[in-house]
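Quick look at work_34.cif (mmCIF, C-alpha atoms):
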```cif
data_protein
#
loop_
_atom_site.group_PDB
_atom_site.id
_atom_site.type_symbol
_atom_site.label_atom_id
_atom_site.label_comp_id
_atom_site.auth_asym_id
_atom_site.auth_seq_id
_atom_site.Cartn_x
_atom_site.Cartn_y
_atom_site.Cartn_z
ATOM 1 C CA MET U 1 233.695 25.776 -15.014
ATOM 2 C CA LYS U 2 236.964 24.551 -13.598
ATOM 3 C CA TYR U 3 237.695 23.393 -10.070
ATOM 4 C CA ARG U 4 241.172 23.461 -8.584
ATOM 5 C CA LYS U 5 243.187 23.939 -5.417
ATOM 6 C CA ALA U 6 243.587 27.597 -4.524
ATOM 7 C CA LYS U 7 246.906 29.317 -5.189
ATOM 8 C CA TYR U 8 248.480 32.130 -3.201
ATOM 9 C CA ASP U 9 247.478 34.637 -5.897
ATOM 10 C CA ASP U 10 243.800 33.669 -5.326
ATOM 11 C CA ILE U 11 243.646 34.916 -1.728
ATOM 12 C CA LYS U 12 242.480 38.470 -2.433
ATOM 13 C CA TYR U 13 239.806 37.247 -4.883
ATOM 14 C CA ILE U 14 238.493 34.688 -2.404
ATOM 15 C CA ALA U 15 238.514 37.345 0.328
ATOM 16 C CA TYR U 16 236.629 39.779 -1.894
ATOM 17 C CA LEU U 17 233.924 37.172 -2.607
ATOM 18 C CA VAL U 18 233.650 36.321 1.097
ATOM 19 C CA THR U 19 233.462 39.992 2.067
ATOM 20 C CA GLU U 20 230.741 40.725 -0.479
ATOM 21 C CA LEU U 21 228.598 37.705 0.403
ATOM 22 C CA LEU U 22 229.275 36.933 4.064
ATOM 23 C CA GLY U 23 231.097 39.709 5.844
ATOM 24 C CA SER U 24 233.691 38.279 8.221
ATOM 25 C CA CYS U 25 233.996 35.766 11.024
ATOM 26 C CA ASN U 26 237.090 37.480 12.374
ATOM 27 C CA ILE U 27 235.468 39.742 14.950
ATOM 28 C CA GLU U 28 238.643 40.307 16.967
ATOM 29 C CA SER U 29 240.310 42.444 14.309
ATOM 30 C CA GLU U 30 240.427 46.221 14.126
ATOM 31 C CA LYS U 31 241.162 45.950 10.409
ATOM 32 C CA SER U 32 238.596 46.344 7.647
ATOM 33 C CA ILE U 33 236.447 43.320 6.879
ATOM 34 C CA LEU U 34 238.323 42.729 3.609
ATOM 35 C CA GLU U 35 241.734 42.958 5.325
ATOM 36 C CA SER U 36 240.593 40.582 8.072
ATOM 37 C CA ASN U 37 239.366 38.088 5.487
ATOM 38 C CA ILE U 38 242.615 38.259 3.495
ATOM 39 C CA GLU U 39 244.573 37.596 6.694
ATOM 40 C CA GLU U 40 242.359 34.707 7.762
ATOM 41 C CA ILE U 41 242.267 33.034 4.330
ATOM 42 C CA SER U 42 246.056 33.431 4.005
ATOM 43 C CA GLU U 43 246.550 31.183 7.038
ATOM 44 C CA ASN U 44 244.924 28.203 5.279
ATOM 45 C CA PHE U 45 244.949 29.105 1.570
ATOM 46 C CA ASN U 46 246.379 25.721 0.550
ATOM 47 C CA ASN U 47 243.299 24.082 2.142
ATOM 48 C CA TYR U 48 240.935 25.925 -0.226
ATOM 49 C CA PHE U 49 239.356 24.883 -3.488
ATOM 50 C CA VAL U 50 238.030 27.363 -6.021
ATOM 51 C CA CYS U 51 235.719 27.271 -8.994
ATOM 52 C CA THR U 52 236.589 29.494 -11.937
ATOM 53 C CA ILE U 53 234.917 30.566 -15.143
ATOM 54 C CA ASP U 54 237.206 32.236 -17.669
ATOM 55 C CA ASP U 55 239.877 32.469 -14.938
ATOM 56 C CA LYS U 56 237.505 34.442 -12.656
ATOM 57 C CA ILE U 57 236.946 32.925 -9.208
ATOM 58 C CA ILE U 58 233.218 32.493 -8.667
ATOM 59 C CA GLY U 59 233.266 30.149 -5.678
ATOM 60 C CA ALA U 60 235.515 28.921 -2.896
ATOM 61 C CA CYS U 61 235.501 26.558 0.047
ATOM 62 C CA GLY U 62 238.196 25.788 2.579
ATOM 63 C CA ILE U 63 238.795 23.323 5.366
ATOM 64 C CA SER U 64 240.882 23.838 8.491
ATOM 65 C CA ALA U 65 243.701 21.732 9.803
ATOM 66 C CA ILE U 66 242.746 19.473 12.709
ATOM 67 C CA LEU U 67 241.409 21.687 15.482
ATOM 68 C CA GLU U 68 243.006 21.631 18.891
ATOM 69 C CA GLN U 69 240.119 23.402 20.601
ATOM 70 C CA ASP U 70 236.462 22.329 20.746
ATOM 71 C CA LYS U 71 234.848 25.780 20.711
ATOM 72 C CA TYR U 72 231.326 24.356 20.436
ATOM 73 C CA ASN U 73 231.584 21.823 23.320
ATOM 74 C CA LEU U 74 230.739 18.883 21.062
ATOM 75 C CA ASN U 75 233.143 16.332 22.599
ATOM 76 C CA LEU U 76 234.326 15.332 19.135
ATOM 77 C CA LYS U 77 237.835 14.114 18.408
ATOM 78 C CA ASN U 78 239.819 14.490 15.213
ATOM 79 C CA VAL U 79 237.797 17.493 13.961
ATOM 80 C CA ARG U 80 238.286 19.845 11.034
ATOM 81 C CA GLU U 81 236.033 22.777 10.213
ATOM 82 C CA ILE U 82 234.746 24.069 6.911
ATOM 83 C CA LEU U 83 236.092 27.573 6.559
ATOM 84 C CA TYR U 84 234.581 30.156 4.259
ATOM 85 C CA PHE U 85 232.162 28.525 1.817
ATOM 86 C CA VAL U 86 230.877 30.939 -0.813
ATOM 87 C CA VAL U 87 229.541 31.078 -4.388
ATOM 88 C CA ASP U 88 228.913 34.275 -6.336
ATOM 89 C CA LYS U 89 225.153 35.009 -6.350
ATOM 90 C CA ASN U 90 225.119 35.052 -10.166
ATOM 91 C CA TYR U 91 226.239 31.409 -10.256
ATOM 92 C CA GLN U 92 224.273 29.861 -7.398
ATOM 93 C CA GLY U 93 221.952 26.952 -8.113
ATOM 94 C CA ARG U 94 224.338 25.289 -10.592
ATOM 95 C CA GLY U 95 225.925 22.714 -8.255
ATOM 96 C CA ILE U 96 229.094 24.748 -7.698
ATOM 97 C CA GLY U 97 228.706 24.891 -3.917
ATOM 98 C CA THR U 98 227.967 21.166 -3.749
ATOM 99 C CA THR U 99 231.091 20.344 -5.753
ATOM 100 C CA LEU U 100 233.285 22.667 -3.666
ATOM 101 C CA LEU U 101 231.975 21.254 -0.383
ATOM 102 C CA LYS U 102 232.561 17.699 -1.619
ATOM 103 C CA LEU U 103 236.114 18.561 -2.662
ATOM 104 C CA CYS U 104 236.777 19.726 0.898
ATOM 105 C CA SER U 105 234.955 17.008 2.784
ATOM 106 C CA ASP U 106 234.650 13.756 0.826
ATOM 107 C CA ASN U 107 236.908 10.845 1.768
ATOM 108 C CA ASN U 108 237.460 12.481 5.117
ATOM 109 C CA LYS U 109 239.387 10.773 7.867
ATOM 110 C CA CYS U 110 238.228 13.401 10.367
ATOM 111 C CA ASN U 111 234.891 14.591 11.626
ATOM 112 C CA ILE U 112 234.036 17.795 9.792
ATOM 113 C CA ILE U 113 231.928 20.547 11.297
ATOM 114 C CA TYR U 114 230.388 23.556 9.652
ATOM 115 C CA GLU U 115 228.836 26.555 11.362
ATOM 116 C CA ALA U 116 225.842 27.331 9.178
ATOM 117 C CA TRP U 117 223.822 30.504 9.444
ATOM 118 C CA GLY U 118 220.738 32.001 7.890
ATOM 119 C CA ASP U 119 219.014 35.317 8.286
ATOM 120 C CA ASN U 120 215.642 34.294 6.896
ATOM 121 C CA GLY U 121 214.365 32.849 10.161
ATOM 122 C CA LYS U 122 213.521 29.467 8.600
ATOM 123 C CA PHE U 123 216.689 27.495 7.907
ATOM 124 C CA ALA U 124 220.421 27.852 7.405
ATOM 125 C CA ASN U 125 221.392 29.261 4.000
ATOM 126 C CA SER U 126 223.398 26.152 3.097
ATOM 127 C CA LYS U 127 221.015 23.553 4.612
ATOM 128 C CA PHE U 128 220.160 21.760 1.376
ATOM 129 C CA ILE U 129 223.773 21.510 0.174
ATOM 130 C CA LEU U 130 224.897 20.249 3.585
ATOM 131 C CA GLU U 131 222.216 17.542 3.598
ATOM 132 C CA LYS U 132 223.095 16.565 0.018
ATOM 133 C CA CYS U 133 226.753 16.177 1.051
ATOM 134 C CA GLY U 134 226.014 13.962 4.075
ATOM 135 C CA TYR U 135 226.050 16.527 6.889
ATOM 136 C CA LYS U 136 223.601 16.375 9.799
ATOM 137 C CA MET U 137 222.605 19.263 12.043
ATOM 138 C CA ILE U 138 223.884 18.377 15.534
ATOM 139 C CA LYS U 139 223.588 21.596 17.516
ATOM 140 C CA ASP U 140 221.257 24.549 17.241
ATOM 141 C CA LEU U 141 222.978 27.636 18.623
ATOM 142 C CA GLY U 142 219.750 29.615 18.435
ATOM 143 C CA ASN U 143 218.501 32.711 16.654
ATOM 144 C CA ASP U 144 220.463 35.169 18.771
ATOM 145 C CA TYR U 145 223.906 33.474 18.945
ATOM 146 C CA TYR U 146 225.561 35.990 16.612
ATOM 147 C CA LYS U 147 223.951 38.984 18.273
ATOM 148 C CA LYS U 148 224.946 37.754 21.758
ATOM 149 C CA ASN U 149 228.519 37.145 20.577
ATOM 150 C CA ASN U 150 228.805 40.530 18.848
ATOM 151 C CA TYR U 151 229.218 39.206 15.279
ATOM 152 C CA CYS U 152 226.623 41.502 13.737
ATOM 153 C CA TYR U 153 228.908 44.456 13.053
ATOM 154 C CA LYS U 154 231.091 42.300 10.742
ATOM 155 C CA CYS U 155 228.168 40.648 8.918
ATOM 156 C CA VAL U 156 227.370 41.432 5.295
ATOM 157 C CA ASN U 157 223.838 42.285 6.495
ATOM 158 C CA ARG U 158 225.075 44.615 9.246
ATOM 159 C CA HIS U 159 223.036 47.556 7.933
ATOM 160 C CA LYS U 160 219.812 45.556 7.805
ATOM 161 C CA ASN U 161 219.043 45.640 11.539
ATOM 162 C CA CYS U 162 218.208 41.922 11.638
ATOM 163 C CA HIS U 163 216.392 40.685 14.687
ATOM 164 C CA GLU U 164 217.419 37.060 14.339
ATOM 165 C CA CYS U 165 219.915 34.920 12.482
ATOM 166 C CA ILE U 166 219.871 31.148 12.766
ATOM 167 C CA ALA U 167 223.164 29.565 13.838
ATOM 168 C CA GLN U 168 223.658 25.805 13.657
ATOM 169 C CA ILE U 169 226.507 23.320 13.817
ATOM 170 C CA TRP U 170 226.453 20.600 11.178
ATOM 171 C CA LEU U 171 228.608 17.472 11.198
ATOM 172 C CA LYS U 172 229.885 15.102 8.565
ATOM 173 C CA PRO U 173 231.232 12.102 10.471
ATOM 174 C CA SER U 174 234.602 10.672 9.541
ATOM 175 C CA MET U 175 234.846 7.638 7.328
ATOM 176 C CA THR U 176 236.568 5.870 10.222
ATOM 177 C CA LYS U 177 234.976 4.598 13.429
ATOM 178 C CA ASN U 178 236.450 7.307 15.708
ATOM 179 C CA ILE U 179 233.413 9.633 15.613
ATOM 180 C CA VAL U 180 233.032 10.660 19.249
#
```

Please express the file's structure as structure tokens.
Amino acid sequence: MKYRKAKYDDIKYIAYLVTELLGSCNIESEKSILESNIEEISENFNNYFVCTIDDKIIGACGISAILEQDKYNLNLKNVREILYFVVDKNYQGRGIGTTLLKLCSDNNKCNIIYEAWGDNGKFANSKFILEKCGYKMIKDLGNDYYKKNNYCYKCVNRHKNCHECIAQIWLKPSMTKNIV
């Protein structure tokens, strides 16, 4: 396994992985889910890290620039957000996600937030990795946040007719004192 900064040529492979495992967060687009993901990842591709095996991308994680808007009403300053965070199902449980998340968020000078979700009704899919990497759950958006905000039709599970999907905001405070 090799970890490295993403290159421009990686965008479509990252987008394919995201599309297969997550769907899309870009609900405003009339484009296909894959096209929306390519467009969104392209905006920040140099803020992504990837994990490869034999030159095949099997995981990726990105982090935004400093956000100008507080879309979750958290009253945080100096905030960045974890973007798509994904590991191929065949390689999960090997520490790849933990390493990718640490590459994006360790030694941070900003507060870092992550919108975690989970469709199992018990906990967010990435809960254990987030805790391991020093994140704390700070806001529970509820089990119907995605449904209320019309995300379901872009979700990877859109054909499953889910009745609930946990949505939570997790925070890794900055290494400096300017947390709130």

Can you translate the PyMOL selection byres ((chain U and resi 1) around 10) into the concrete residues it hits in this file, as JSON, numbers by chain?
{"U": [2, 3, 51, 52, 53, 54, 55, 56, 57, 58, 96]}

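Taking only C-alpha atoms into account, Lys172 (chain U) lies nearest to U:Val79 out of the set U:Val87, U:Phe128, U:Leu103, U:Val79.
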
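Residues matched by the PyMOL selection byres ((chain U and resi 71) around 12) in this structure: U:Leu67, U:Glu68, U:Gln69, U:Asp70, U:Tyr72, U:Asn73, U:Leu74, U:Asn75, U:Leu76, U:Val79, U:Arg80, U:Glu81, U:Ile113, U:Glu115, U:Ile169.
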
So which residues touch Tyr13 (chain U) within 10 Å, counting only C-alpha atoms, skipping near sequence neighbours fewer than 3 positions away, as a PDB file with C-alpha atoms, in the frame of the given file?
```pdb
ATOM      1  CA  ASP U   9     247.478  34.637  -5.897  1.00  0.00           C
ATOM      2  CA  ASP U  10     243.800  33.669  -5.326  1.00  0.00           C
ATOM      3  CA  TYR U  16     236.629  39.779  -1.894  1.00  0.00           C
ATOM      4  CA  LEU U  17     233.924  37.172  -2.607  1.00  0.00           C
ATOM      5  CA  VAL U  18     233.650  36.321   1.097  1.00  0.00           C
ATOM      6  CA  THR U  19     233.462  39.992   2.067  1.00  0.00           C
ATOM      7  CA  ILE U  38     242.615  38.259   3.495  1.00  0.00           C
ATOM      8  CA  LYS U  56     237.505  34.442 -12.656  1.00  0.00           C
ATOM      9  CA  ILE U  57     236.946  32.925  -9.208  1.00  0.00           C
ATOM     10  CA  ILE U  58     233.218  32.493  -8.667  1.00  0.00           C
ATOM     11  CA  GLY U  59     233.266  30.149  -5.678  1.00  0.00           C
ATOM     12  CA  ALA U  60     235.515  28.921  -2.896  1.00  0.00           C
TER      13      ALA U  60
END
```

Selection under test: the PyMOL selection byres ((chain U and resi 170) around 10); residues as a PyMOL selection string
chain U and resi 81-82+112-116+127+130-131+134-140+167-169+171-173

Can you work out the spacing between CA of Ser105 (chain U) and CA of Ile63 (chain U) in Å, to one decimal?
7.8 Å

Two-atom distance - CA of Ile129 (chain U), CA of Thr99 (chain U) (Å):
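CA of Thr99 (chain U) lies 9.5 Å from CA of Ile129 (chain U).
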
Can you sort out the box for region 58-75 of chain U, edges along x, y and z, all listed atoms in, 5 Å on every side, with centre and edge lengths in Å to one decimal, as lines of an AutoDock Vina configuration file?
```
center_x = 237.2
center_y = 24.4
center_z = 7.3
size_x = 23.0
size_y = 26.2
size_z = 42.0
```

Record the distance separating CA of Lys102 (chain U) and CA of Cys133 (chain U), expressed in Å with one decimal.
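Calculated distance between CA of Lys102 (chain U) and CA of Cys133 (chain U) is 6.6 Å.
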
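With all atoms listed in the file as the basis for measurement, U:Cys104 is the residue among U:Ile41, U:Cys104, U:Leu21, U:Cys110 that approaches Cys61 (chain U) most closely.
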
Of the listed residues U:Ile66, U:Leu141, U:Ile33, U:Leu83, that which approaches Lys109 (chain U) most closely, counting all atoms listed in the file:
U:Ile66

Counting only C-alpha atoms, the option among U:Val86, U:Ile11, U:Ala6, U:Leu101 closest to Ser42 (chain U):
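For Ser42 (chain U), the nearest of the candidates is U:Ile11.
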
Among listed residues U:Arg94, U:Lys5, U:Lys132, U:Lys31, nearest Phe49 (chain U) (using only C-alpha atoms):
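Ranked by minimum distance to Phe49 (chain U), first place goes to U:Lys5.
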
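Residue nearest Thr98 (chain U) within the list U:Leu34, U:Ser174, U:Lys77, U:Ser126: U:Ser126 [criterion: smallest interatomic distance, only C-alpha atoms].
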